[in-house]
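Below is one structure, written out as structure tokens; comments come after it.
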Amino acid sequence: MLQTVLDASPRTDAAAAQDVHVAAYRFMLLARLLDDKFAALYRAGKIHGGVFLGRGQEALSVSVGISLKKGDVFAPLIRDAAGRLAFGETVLDAVRTYLGSSLGPMRGRDGNVHRGKPQEGYLPMVSHLGAMISVVNGVLFARRYKKISGTVGAACVGEGATSTGAFHEALNQAGVEKLPLILIVANNQYAYSTPTHFQFACDSLADKAAGYGVEVQTVDGTDLGACLKVVGEAVARARRGGGPQLVVAELLRLCGHGEHDPNDYIDPKLWESPLGRDCLKVAEEYLLRQKWMAPSRVAILRNEIIREIEEAVAQVQREPAPDPFVEQWHSIATGHLNEGNEER
């Protein structure tokens with residue numbers, strides 16, 4: 001979270017910008033290397049279920065997680081590993097979920113992408129098709145009724161979700177109720193394999209905000225600095241009482257929909273366009289130009305992260321999976337209400 005980074009080292013504006021960029025880059029690199037490890041484990045048959053990578057979307061994702069504060073609400077999607085990590089998810093929790101450890105936050109029950117810690121504002125994903133917007137709205141409503149102020153909620157969707165009823169109903173609700181919602185749309189050019197020109201007829205997804213009275217900003221999703229600025233400002237406006245904010249980021253998904261998808265439907269021209277830039281490489285080059293990091297430090301950081309990931313995987317592979325003969329398959333949150341249940 002951004003405030004955590006700033007609180008740890010109160011400095012000048014320029015120095016604070018450096019701190020945030022370096023912290024964001026570390027989360028991006030961690031997310032990329034963690035995704036790469038999950039992809040390798042999937043191909044080796046060690047992961048059951050899908051593996052969905054955030055390659056190319058890390059700059060946008062990290063900007064959301066790092067701009068939120070403790071007490072805020074975050075509803076990430078399948079490509080938001082960087083945002084999850086910036087919001088507080090640990091590598092160990094991520095690995096435990098993917099490998100089905102009973103010691104993970106979801107106890108090995110809910111697949112590898114439906115993970116979270118609701119009591120900490122980190123919401124497990126129900127669906128990536130716009131369903132989480134109304135869930136965030138509901139949390140924000142509950143806080144309003146409890147007279148809790150100063151918090152915001154962020155929900156992430158892809159451009160495909162903007163064609164669903166859930167998106168429009170929830171955005172309309174947020175606009176009418178002036179909820180402190182930040183809705184992030186990652187326009188990665190394809191809803192699975194469907195290109196944008198088959199998804200919507202408007203010139204820009206930003207045009208959809210006007211009908212609901214929602215303030216909107218667009219951003220180059222390949223540029224970390226731009227994402228930090230635009231997303232950070234949207235979060236600040238919502239926190240000040242400015243109502244819901246929509247951020248539309250233009251980028252390209254630099255991988256298939258999942259590891260099962262060869263993504264051979266992507267227009268080759270997109271790879272050569274500005275949308276096809278790798279945001280991780282762009283961020284690293286910027287840090288090096290600014291002399292905020294040295295090449296040697298980047299190499300050391302990469303090795304440290306790889307070691308952290310490998311240690312987490314080795315640990316989790318020794319942990320037990322759920323035992324169907326002893327596991328009580330009731331809701332974790334309401335287990336104490338089950339008659340005859342001895343688990344507390």
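Chain labels follow the order of the structure tokens: the first chain is A, the next B, and so on; residue numbering restarts at 1 in every chain, and ligands are counted from 1 in their shown order.
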
task: List the neighbours of Gly121 in chain A out to 10 Å using only C-alpha atoms; skip same-chain residues closer than 4 positions along the sequence, and give me the result as a ChimeraX atom specification.
output: /A:70-75,87,116-117,136,139,153

Exercise: range 296-308 of chain A partners within 10 Å, only C-alpha atoms, chain neighbours under 4 positions left out, as a PyMOL selection string: chain A and resi 25-27+29-31+33-34+37+91-92+284+287-288+292+312-313

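The closest residue to Ser101 in chain A, picked from A:Phe52, A:Val326, A:Arg318, A:Glu215 and counting only C-alpha atoms, is A:Arg318.
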
- prompt: In Å to one decimal, how far is CA of His168 in chain A from CA of Gly138 in chain A?
  reply: 15.3 Å

message: Based on the backbone DSSP call, show me all residues of range 231-303 of chain A assigned strand (DSSP E), as an NGL selection string.
response: :A and (245-250)

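The smallest atom-to-atom distance between Val113 in chain A and any of A:Ala166, A:Ala321, A:Val51, A:Leu68, using only C-alpha atoms, is found for A:Val51.
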
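For the choices A:Arg115, A:Gly221, A:Pro124, A:Pro244, the atom-to-atom distance to Glu177 in chain A is smallest for A:Pro244 when using only C-alpha atoms.
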
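Near range 197-214 of chain A, within 7 Å and counting only C-alpha atoms, sit Gly160, Leu171, Asn172, Gly175, Thr194, Pro195, Val216, Pro244, Gln245, Leu246 and Val248 of chain A, not including residues fewer than 2 positions from it in the same chain.
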
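The space separating CA of Ile78 in chain A from CA of Phe141 in chain A comes to 25.1 Å.
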
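Among the candidates A:Ser63, A:Thr151, A:Gln328, A:Thr12, the residue lying nearest to Val231 in chain A is A:Ser63 (atoms considered: only C-alpha atoms).
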